[in-house]
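Listing of upload33.cif; format and content: mmCIF, C-alpha atoms and all ligand atoms.
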data_target
#
loop_
_atom_site.label_atom_id
_atom_site.label_comp_id
_atom_site.auth_asym_id
_atom_site.auth_seq_id
_atom_site.Cartn_x
_atom_site.Cartn_y
_atom_site.Cartn_z
CA MET A 1280 2.35 24.18 6.97
CA HIS A 1281 -1.02 25.27 8.31
CA GLY A 1282 -2.01 24.41 11.88
CA MET A 1283 -5.38 22.77 12.59
CA GLY A 1284 -7.97 25.51 12.35
CA GLY A 1285 -5.33 28.25 12.41
CA TYR A 1286 -5.25 28.96 8.70
CA THR A 1287 -7.67 31.29 7.01
CA PRO A 1288 -7.92 30.64 3.29
CA PRO A 1289 -7.86 33.86 1.27
CA CYS A 1290 -11.23 35.57 1.09
CA ILE A 1291 -12.67 33.64 4.00
CA PRO A 1292 -12.69 36.48 6.51
CA SER A 1293 -14.27 34.67 9.42
CA PHE A 1294 -15.56 31.22 10.12
CA ASN A 1295 -18.47 32.28 12.27
CA ARG A 1296 -20.22 34.49 9.76
CA GLN A 1297 -21.24 33.95 6.18
CA THR A 1298 -18.23 33.86 3.95
CA PRO A 1299 -18.12 35.32 0.46
CA PHE A 1300 -17.94 31.76 -0.84
CA ALA A 1301 -21.18 31.07 0.97
CA ALA A 1302 -23.06 33.91 -0.67
CA GLY A 1303 -25.53 31.62 -2.41
CA GLY A 1304 -23.46 29.86 -5.02
CA LYS A 1305 -23.10 32.77 -7.41
CA VAL A 1306 -19.42 33.37 -7.92
CA LYS A 1307 -19.82 36.94 -9.17
CA ASN A 1308 -22.03 37.73 -6.24
CA ALA A 1309 -19.44 36.23 -3.94
CA ILE A 1310 -16.74 38.43 -5.43
CA ALA A 1311 -18.91 41.52 -5.00
CA HIS A 1312 -19.42 40.68 -1.32
CA CYS A 1313 -15.80 39.94 -0.60
CA GLU A 1314 -14.49 41.92 2.32
CA TYR A 1315 -10.84 41.43 1.48
CA PRO A 1316 -9.54 44.65 -0.11
CA TYR A 1317 -6.94 42.84 -2.23
CA PHE A 1318 -9.51 40.51 -3.70
CA GLY A 1319 -11.28 43.25 -5.70
CA GLU A 1320 -12.67 42.32 -9.11
CA LEU A 1321 -10.91 39.00 -9.43
CA PRO A 1322 -11.81 36.72 -12.34
CA ILE A 1323 -13.55 33.43 -11.70
CA SER A 1324 -10.22 31.60 -12.08
CA SER A 1325 -9.05 33.35 -8.90
CA MET A 1326 -12.09 32.08 -7.05
CA THR A 1327 -11.14 28.60 -8.21
CA LYS A 1328 -7.65 29.14 -6.81
CA ASN A 1329 -9.20 29.95 -3.47
CA TYR A 1330 -11.34 26.83 -3.54
CA LEU A 1331 -8.23 24.84 -4.39
CA GLU A 1332 -6.26 26.37 -1.52
CA ALA A 1333 -9.00 25.43 0.89
CA ALA A 1334 -9.13 21.88 -0.51
CA ILE A 1335 -5.35 21.51 -0.19
CA GLU A 1336 -5.41 22.66 3.42
CA ILE A 1337 -8.25 20.27 4.26
CA ALA A 1338 -6.68 17.28 2.46
CA GLN A 1339 -3.37 17.83 4.25
CA GLU A 1340 -5.06 18.02 7.65
CA ALA A 1341 -7.10 14.91 6.87
CA GLY A 1342 -3.84 13.24 5.82
CA LYS A 1343 -2.44 13.89 9.30
CA ILE A 1344 -5.45 12.06 10.74
CA LEU A 1345 -4.75 9.05 8.47
CA ILE A 1346 -1.10 8.93 9.52
CA GLU A 1347 -2.10 9.11 13.19
CA GLU A 1348 -4.60 6.29 12.67
CA LEU A 1349 -2.02 4.16 10.84
CA SER A 1350 -0.13 3.57 14.09
CA ARG A 1351 -3.27 2.86 16.14
CA PRO A 1352 -5.08 -0.47 16.56
CA LEU A 1353 -7.33 -1.06 13.57
CA HIS A 1354 -11.11 -0.94 13.90
CA ILE A 1355 -12.41 -2.61 10.76
CA ALA A 1356 -16.08 -2.94 9.87
CA TYR A 1357 -17.53 -4.39 6.69
CA LYS A 1358 -19.98 -2.52 4.47
CA GLY A 1359 -22.12 -5.40 3.21
CA SER A 1360 -19.42 -7.56 1.58
CA GLU A 1361 -16.42 -9.50 2.80
CA VAL A 1362 -13.96 -7.09 1.17
CA ASP A 1363 -15.73 -3.71 1.43
CA LEU A 1364 -13.90 -2.38 4.47
CA VAL A 1365 -14.40 0.75 6.49
CA THR A 1366 -12.10 1.78 9.34
CA GLN A 1367 -12.01 4.34 12.09
CA ALA A 1368 -9.62 6.28 9.86
CA ASP A 1369 -12.19 6.60 7.01
CA LYS A 1370 -14.75 7.89 9.50
CA ARG A 1371 -12.48 10.33 11.36
CA SER A 1372 -11.06 11.71 8.13
CA GLU A 1373 -14.54 12.19 6.64
CA ARG A 1374 -15.91 13.83 9.78
CA PHE A 1375 -13.07 16.34 9.70
CA ILE A 1376 -13.34 17.06 5.95
CA VAL A 1377 -17.12 17.49 5.95
CA GLU A 1378 -17.01 19.73 9.03
CA ARG A 1379 -14.28 21.93 7.57
CA LEU A 1380 -15.88 22.20 4.12
CA THR A 1381 -19.20 23.07 5.73
CA LYS A 1382 -17.54 25.72 7.87
CA TYR A 1383 -15.82 27.34 4.89
CA PHE A 1384 -18.61 26.85 2.36
CA PRO A 1385 -21.90 26.42 4.23
CA ASP A 1386 -23.96 26.80 1.07
CA HIS A 1387 -22.14 24.09 -0.88
CA ALA A 1388 -23.34 20.48 -1.06
CA VAL A 1389 -20.92 17.80 0.13
CA ALA A 1390 -21.08 14.22 -1.21
CA ALA A 1391 -18.84 12.00 0.91
CA GLU A 1392 -18.33 8.24 0.71
CA GLU A 1393 -19.18 7.28 4.28
CA GLY A 1394 -22.48 9.14 4.10
CA THR A 1395 -21.92 12.13 6.39
CA GLY A 1396 -22.14 14.71 3.61
CA HIS A 1397 -25.18 16.87 2.99
CA GLU A 1398 -27.12 18.81 0.43
CA SER A 1399 -26.75 22.57 0.66
CA GLY A 1400 -29.42 24.55 2.47
CA SER A 1401 -30.14 26.65 -0.60
CA ALA A 1402 -29.97 25.08 -4.05
CA SER A 1403 -26.24 25.49 -4.59
CA GLU A 1404 -24.63 24.64 -7.89
CA PHE A 1405 -21.42 23.76 -6.05
CA ARG A 1406 -20.78 20.19 -4.88
CA TRP A 1407 -17.71 18.71 -3.19
CA HIS A 1408 -16.89 15.06 -3.91
CA VAL A 1409 -14.98 13.57 -0.99
CA ASP A 1410 -13.21 10.24 -0.58
CA PRO A 1411 -11.78 10.57 2.94
CA LEU A 1412 -9.56 7.51 2.48
CA ASP A 1413 -9.17 6.00 -0.96
CA GLY A 1414 -7.35 2.70 -0.67
CA THR A 1415 -8.89 1.51 2.60
CA THR A 1416 -7.81 -2.09 2.01
CA ASN A 1417 -4.20 -0.98 1.51
CA PHE A 1418 -4.43 1.18 4.62
CA ALA A 1419 -5.80 -1.69 6.69
CA HIS A 1420 -2.83 -3.85 5.65
CA GLY A 1421 -0.22 -1.12 6.18
CA TYR A 1422 0.50 -0.89 2.44
CA PRO A 1423 1.16 2.82 2.00
CA CYS A 1424 -0.80 3.40 -1.19
CA PHE A 1425 -3.77 5.43 0.01
CA CYS A 1426 -4.89 9.02 -0.18
CA VAL A 1427 -7.43 11.70 0.52
CA SER A 1428 -9.34 12.80 -2.59
CA ILE A 1429 -11.34 16.04 -2.72
CA ALA A 1430 -12.87 17.75 -5.75
CA LEU A 1431 -15.26 20.63 -6.31
CA ALA A 1432 -17.77 20.65 -9.16
CA GLN A 1433 -19.92 23.54 -10.30
CA ARG A 1434 -22.87 21.79 -11.90
CA ASP A 1435 -21.20 19.41 -14.40
CA SER A 1436 -17.87 21.18 -14.49
CA LEU A 1437 -15.02 20.15 -12.20
CA LEU A 1438 -13.26 23.24 -10.84
CA ALA A 1439 -10.65 22.11 -8.33
CA ALA A 1440 -9.04 18.81 -7.36
CA VAL A 1441 -6.66 17.49 -4.73
CA VAL A 1442 -5.28 13.97 -4.27
CA PHE A 1443 -2.92 13.65 -1.29
CA ASN A 1444 -0.91 10.62 -0.20
CA PRO A 1445 0.14 11.56 3.34
CA PHE A 1446 2.55 8.63 3.75
CA TYR A 1447 4.81 9.78 0.93
CA ASN A 1448 3.74 13.42 1.21
CA GLU A 1449 2.67 13.44 -2.42
CA LEU A 1450 0.28 16.24 -3.30
CA PHE A 1451 -1.44 16.35 -6.69
CA THR A 1452 -3.58 19.39 -7.47
CA ALA A 1453 -5.51 20.84 -10.40
CA ALA A 1454 -7.65 23.89 -11.06
CA ARG A 1455 -9.80 24.21 -14.18
CA GLY A 1456 -7.88 26.02 -16.89
CA GLN A 1457 -4.78 26.37 -14.73
CA GLY A 1458 -2.99 23.06 -15.15
CA ALA A 1459 -2.09 20.28 -12.76
CA THR A 1460 0.78 20.06 -10.28
CA PHE A 1461 2.69 17.48 -8.27
CA ASN A 1462 4.25 18.87 -5.08
CA GLY A 1463 4.07 22.35 -6.57
CA LYS A 1464 5.56 21.54 -9.98
CA ASN A 1465 3.53 21.45 -13.19
CA ILE A 1466 2.85 17.95 -14.49
CA HIS A 1467 1.93 16.54 -17.87
CA VAL A 1468 0.75 13.14 -19.00
CA SER A 1469 3.31 10.80 -20.60
CA LYS A 1470 4.33 10.98 -24.26
CA ASN A 1471 4.21 7.24 -24.82
CA ALA A 1472 2.34 6.73 -28.09
CA THR A 1473 1.90 2.95 -28.28
CA LEU A 1474 0.00 0.50 -26.13
CA SER A 1475 2.69 -2.16 -26.48
CA THR A 1476 5.20 0.07 -24.62
CA SER A 1477 2.74 1.42 -22.05
CA LEU A 1478 2.44 0.83 -18.34
CA LEU A 1479 -1.23 0.56 -17.37
CA CYS A 1480 -3.24 0.36 -14.19
CA THR A 1481 -6.68 -0.91 -13.22
CA GLY A 1482 -8.72 -1.83 -10.16
CA PHE A 1483 -11.32 -4.35 -9.11
CA PRO A 1484 -14.60 -3.63 -7.36
CA VAL A 1485 -15.14 -4.53 -3.73
CA ARG A 1486 -18.85 -5.17 -4.24
CA ASN A 1487 -20.35 -7.87 -6.44
CA ARG A 1488 -16.85 -9.10 -7.33
CA LYS A 1489 -17.94 -12.20 -9.18
CA ALA A 1490 -20.05 -10.14 -11.60
CA SER A 1491 -17.09 -8.00 -12.65
CA PRO A 1492 -15.77 -8.72 -16.15
CA ASN A 1493 -12.43 -7.11 -15.36
CA LEU A 1494 -10.25 -10.21 -15.08
CA GLN A 1495 -10.73 -10.72 -18.80
CA TYR A 1496 -9.67 -7.12 -19.54
CA TYR A 1497 -6.77 -7.44 -17.10
CA GLY A 1498 -5.45 -10.49 -18.92
CA ASP A 1499 -5.74 -9.01 -22.40
CA PHE A 1500 -4.28 -5.62 -21.53
CA THR A 1501 -1.40 -7.38 -19.76
CA GLN A 1502 -0.62 -9.27 -22.98
CA HIS A 1503 -0.68 -6.07 -25.05
CA SER A 1504 1.40 -3.73 -22.85
CA HIS A 1505 4.46 -3.54 -20.59
CA GLY A 1506 2.13 -4.56 -17.80
CA VAL A 1507 -0.91 -3.70 -15.73
CA ARG A 1508 -0.56 -2.61 -12.10
CA ARG A 1509 -3.31 -2.95 -9.51
CA ASP A 1510 -2.44 -0.43 -6.82
CA GLY A 1511 -5.75 -0.32 -4.93
CA SER A 1512 -6.46 3.40 -4.92
CA ALA A 1513 -8.35 4.67 -7.95
CA ALA A 1514 -7.76 8.33 -7.07
CA LEU A 1515 -3.99 7.77 -6.88
CA ASP A 1516 -4.07 5.63 -10.02
CA LEU A 1517 -5.65 8.53 -11.91
CA ALA A 1518 -3.20 11.02 -10.36
CA CYS A 1519 -0.37 8.78 -11.59
CA VAL A 1520 -1.73 8.96 -15.15
CA ALA A 1521 -1.77 12.76 -14.81
CA ALA A 1522 1.86 12.69 -13.62
CA GLY A 1523 2.98 10.39 -16.47
CA ARG A 1524 3.77 7.40 -14.23
CA PHE A 1525 1.07 5.34 -15.90
CA ASP A 1526 0.07 5.77 -19.54
CA GLY A 1527 -3.48 4.52 -19.09
CA PHE A 1528 -6.07 3.38 -16.54
CA TRP A 1529 -9.51 1.78 -16.70
CA GLU A 1530 -11.94 0.50 -14.13
CA PHE A 1531 -15.59 -0.55 -13.88
CA GLY A 1532 -18.10 0.66 -11.31
CA LEU A 1533 -16.20 3.50 -9.65
CA GLN A 1534 -18.12 6.07 -7.68
CA LYS A 1535 -18.07 9.86 -8.08
CA TRP A 1536 -15.80 10.36 -5.06
CA ASP A 1537 -13.28 7.85 -6.47
CA THR A 1538 -12.80 9.66 -9.77
CA ALA A 1539 -13.81 13.35 -9.49
CA ALA A 1540 -10.39 14.69 -8.48
CA GLY A 1541 -8.43 12.33 -10.74
CA VAL A 1542 -10.47 13.26 -13.82
CA LEU A 1543 -9.69 16.97 -13.48
CA LEU A 1544 -6.02 16.17 -12.79
CA ILE A 1545 -5.79 14.21 -16.04
CA GLU A 1546 -7.68 16.77 -18.11
CA GLU A 1547 -5.49 19.57 -16.80
CA ALA A 1548 -2.35 17.49 -17.38
CA GLY A 1549 -3.29 17.11 -21.06
CA GLY A 1550 -4.78 13.61 -20.97
CA LYS A 1551 -8.12 12.19 -22.03
CA VAL A 1552 -11.00 10.64 -20.08
CA SER A 1553 -13.98 8.84 -21.64
CA ASP A 1554 -16.01 5.66 -21.45
CA PHE A 1555 -15.24 2.68 -23.69
CA ALA A 1556 -17.59 4.03 -26.38
CA GLY A 1557 -15.56 7.24 -26.53
CA ASN A 1558 -18.29 9.36 -24.92
CA PRO A 1559 -17.23 11.88 -22.29
CA TYR A 1560 -16.93 10.14 -18.92
CA GLN A 1561 -19.79 10.99 -16.55
CA LEU A 1562 -18.93 10.90 -12.84
CA GLY A 1563 -20.26 7.62 -11.47
CA GLY A 1564 -20.57 6.11 -14.97
CA PRO A 1565 -20.17 2.31 -15.40
CA VAL A 1566 -16.63 2.45 -16.83
CA ILE A 1567 -13.79 4.96 -16.99
CA LEU A 1568 -10.93 4.99 -19.51
CA ALA A 1569 -8.26 7.57 -18.67
CA THR A 1570 -5.07 7.91 -20.69
CA ASN A 1571 -2.33 10.21 -21.92
CA GLY A 1572 -4.52 10.76 -25.00
CA LEU A 1573 -1.98 9.15 -27.35
CA ILE A 1574 -2.91 5.55 -26.56
CA HIS A 1575 -6.59 6.28 -25.97
CA GLU A 1576 -7.93 4.95 -29.26
CA GLU A 1577 -5.71 1.86 -29.11
CA MET A 1578 -6.93 1.06 -25.59
CA ARG A 1579 -10.51 1.75 -26.57
CA ALA A 1580 -10.32 -0.52 -29.61
CA LEU A 1581 -8.91 -3.37 -27.52
CA ALA A 1582 -11.52 -2.79 -24.80
CA LEU A 1583 -14.31 -2.98 -27.39
CA GLU A 1584 -12.85 -6.16 -28.81
CA ILE A 1585 -12.71 -7.72 -25.33
CA SER A 1586 -16.25 -6.57 -24.56
CA ARG A 1587 -17.56 -8.43 -27.62
CA ARG A 1588 -16.54 -11.71 -25.98
CA THR A 1589 -17.26 -10.66 -22.36
CA PRO A 1590 -20.62 -10.02 -20.62
CA GLU A 1591 -21.66 -6.40 -20.16
CA PRO A 1592 -20.16 -4.78 -17.06
CA LEU A 1593 -22.54 -4.93 -14.14
CA ARG A 1594 -22.89 -2.13 -11.65
CA PRO A 1595 -21.48 -3.06 -8.22
C1 LIG B 1601 -11.58 1.60 -3.72
C2 LIG B 1601 -10.25 1.88 -4.39
C3 LIG B 1601 -9.85 0.75 -5.31
C4 LIG B 1601 -10.93 0.47 -6.34
C5 LIG B 1601 -12.25 0.19 -5.66
C6 LIG B 1601 -12.63 1.37 -4.76
P1 LIG B 1601 -11.96 2.69 -1.29
O1 LIG B 1601 -11.97 2.71 -2.93
O2 LIG B 1601 -10.30 3.08 -5.12
O3 LIG B 1601 -8.68 1.04 -6.02
O4 LIG B 1601 -10.52 -0.62 -7.11
O5 LIG B 1601 -13.21 0.00 -6.66
O6 LIG B 1601 -13.85 1.08 -4.12
O7 LIG B 1601 -13.06 1.74 -0.88
O8 LIG B 1601 -10.63 2.24 -0.85
O9 LIG B 1601 -12.28 4.10 -0.97
CA CA B 1602 -12.57 5.07 -3.05
CA CA B 1603 -12.90 5.48 0.62
#
Could I get this file's structure written as structure tokens?
Amino acid sequence: MHGMGGYTPPCIPSFNRQTPFAAGGKVKNAIAHCEYPYFGELPISSMTKNYLEAAIEIAQEAGKILIEELSRPLHIAYKGSEVDLVTQADKRSERFIVERLTKYFPDHAVAAEEGTGHESGSASEFRWHVDPLDGTTNFAHGYPCFCVSIALAQRDSLLAAVVFNPFYNELFTAARGQGATFNGKNIHVSKNATLSTSLLCTGFPVRNRKASPNLQYYGDFTQHSHGVRRDGSAALDLACVAAGRFDGFWEFGLQKWDTAAGVLLIEEAGGKVSDFAGNPYQLGGPVILATNGLIHEEMRALALEISRRTPEPLRP
């Protein structure tokens, strides 16, 4: 839809001077400085829409990079363990995303998995969480379950989220207070109210695998549901809960960039996200439980029961 570098998100008048979004992190200030006549006195929700539009554009362009890389010879490196892969595709995608976010929002901080992000020059309250390729192992094996995941947080509040699977052209988006969409259509979590008839999903860490207690949880949840999938992309797994494909998801030891976009998608699609104790999930927390809301307490009760006979989850 938008050519590389040829698309100007609304209210980003020029890339080579300070944009309204870059006016120091104060949204109201940014609105006051906006040079676009039609932008006027827009509410904060409209600013969020603009952030979301920029994130969608960037995720789709990064997706093109992943598809290009899929047909090229693989360059795999290992990040400290025998299954923690990083490829040329992760690096190229991240370089592009960080560059483009920095161009559009120079005052925002960018936290990106492969380490090329940055803190903002001034103390910005805005932070982008970027997973340039979630599902690297799938990608490296040509299994087309991978995505780009980008989310924007203002302090502790997630504002905008995009999860994009470029292979199937599946685009999940959410903006705080404005709902979640799948390829442009509003989505809602499933209405399945019992664990025994639910389809679940989980994942396993790539670091410190032997310390993970998850095989125990996997076994028990399998026995108590229609089944547990292990798709290998936490961001897509969460997006699938938002879209009602899965009724629930849990995983230990995920990082902020794995979950930030998916959490907002689920919240905006009417679902619930917490830890196993029922406390609000904190990005980067030791465990995430994300459901359609209806089976949340049943999943939580079973998880607590399993945890009584299983060692505490260890951080990867
Ligand atoms: C991984 C995937 C996987 C999850 C791992 C993550 P990556 O992210 O999300 O589903 O189980 O814990 O590390 O390395 O492919 O970006
Ligand atoms: Ca990831
Ligand atoms: Ca990744």
Legend entry - Protein and nucleic acid residues within 7 Å of ligand CA 1603 (chain B) (all atoms listed in the file) as a PyMOL selection string: chain A and resi 1369+1392+1410-1415
Inset, instruction - Using only C-alpha atoms and all ligand atoms, determine which residues fall within 9 Å of ligand LIG 1601 (chain B), then list them as an MDAnalysis selection string. - result: chainID A and resid 1363:1365 1369 1392 1410:1418 1425:1426 1481:1486 1509:1516 1530:1534 1536:1538 1595
Inset, instruction - Counting all atoms listed in the file, write as a PyMOL selection string all protein and nucleic acid residues lying at most 8 Å from (0.9, 18.5, -4.5) in the file's frame. - result: chain A and resi 1441-1443+1449-1452+1460-1464
Legend entry - Residue among A:Ala1459, A:Ala1556, A:Ile1376, A:Ile1355 lying closest to A:Glu1584, counting all atoms listed in the file: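 Looking at the shortest contact to A:Glu1584, the residue is A:Ala1556.
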Legend entry - Nearest candidate to A:Gln1495 (options A:Ile1335, A:Arg1351, A:Ala1391, A:Ser1586; using all atoms listed in the file): A:Ser1586
Once 4 Å is added on each side, what are the centre and the three edge lengths, in Å to one decimal, of the axis-aligned box enclosing the listed atoms of stretch 1497-1514 of chain A? Present them as JSON.
{"center_x": -1.9, "center_y": -1.1, "center_z": -15.0, "size_x": 20.8, "size_y": 26.8, "size_z": 28.1}
Inset, instruction - Quick one: pull the distance between atom CA of A:Val1427 and atom CA of A:Ser1372, Å, one decimal. - result: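 Going from atom CA of A:Val1427 over to atom CA of A:Ser1372, I get 8.4 Å.
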Inset, instruction - Would you mind reading off the distance between atom CA of A:Ala1390 and atom CA of A:Ser1350, one decimal, in Å? - result: 28.0 Å
Inset, instruction - Can you pull out every residue within 6 Å of A:His1505, counting only C-alpha atoms, but drop anything in the same chain fewer than 5 positions away, and send it as a ChimeraX atom specification? - result: /A:1476-1478
Which neighbours of A:Arg1374 fall inside 12 Å, counting only C-alpha atoms, when residues of the same chain fewer than 4 positions from it are skipped, and could you give them as an mmCIF file with C-alpha atoms, in the frame of the given file?
data_model
loop_
_atom_site.group_PDB
_atom_site.id
_atom_site.type_symbol
_atom_site.label_atom_id
_atom_site.label_comp_id
_atom_site.auth_asym_id
_atom_site.auth_seq_id
_atom_site.Cartn_x
_atom_site.Cartn_y
_atom_site.Cartn_z
ATOM 1 C CA ILE A 1337 -8.250 20.270 4.260
ATOM 2 C CA GLU A 1340 -5.060 18.020 7.650
ATOM 3 C CA ALA A 1341 -7.100 14.910 6.870
ATOM 4 C CA ILE A 1344 -5.450 12.060 10.740
ATOM 5 C CA GLN A 1367 -12.010 4.340 12.090
ATOM 6 C CA ALA A 1368 -9.620 6.280 9.860
ATOM 7 C CA ASP A 1369 -12.190 6.600 7.010
ATOM 8 C CA LYS A 1370 -14.750 7.890 9.500
ATOM 9 C CA GLU A 1378 -17.010 19.730 9.030
ATOM 10 C CA ARG A 1379 -14.280 21.930 7.570
ATOM 11 C CA LEU A 1380 -15.880 22.200 4.120
ATOM 12 C CA THR A 1381 -19.200 23.070 5.730
ATOM 13 C CA VAL A 1389 -20.920 17.800 0.130
ATOM 14 C CA ALA A 1391 -18.840 12.000 0.910
ATOM 15 C CA GLU A 1392 -18.330 8.240 0.710
ATOM 16 C CA GLU A 1393 -19.180 7.280 4.280
ATOM 17 C CA GLY A 1394 -22.480 9.140 4.100
ATOM 18 C CA THR A 1395 -21.920 12.130 6.390
ATOM 19 C CA GLY A 1396 -22.140 14.710 3.610
ATOM 20 C CA HIS A 1397 -25.180 16.870 2.990
ATOM 21 C CA VAL A 1409 -14.980 13.570 -0.990
ATOM 22 C CA ASP A 1410 -13.210 10.240 -0.580
ATOM 23 C CA PRO A 1411 -11.780 10.570 2.940
ATOM 24 C CA LEU A 1412 -9.560 7.510 2.480
#
Legend entry - Of the listed residues A:Ala1540, A:His1467, A:Val1552, A:Lys1328, that which approaches ligand CA 1602 (chain B) most closely, counting only C-alpha atoms and all ligand atoms: A:Ala1540
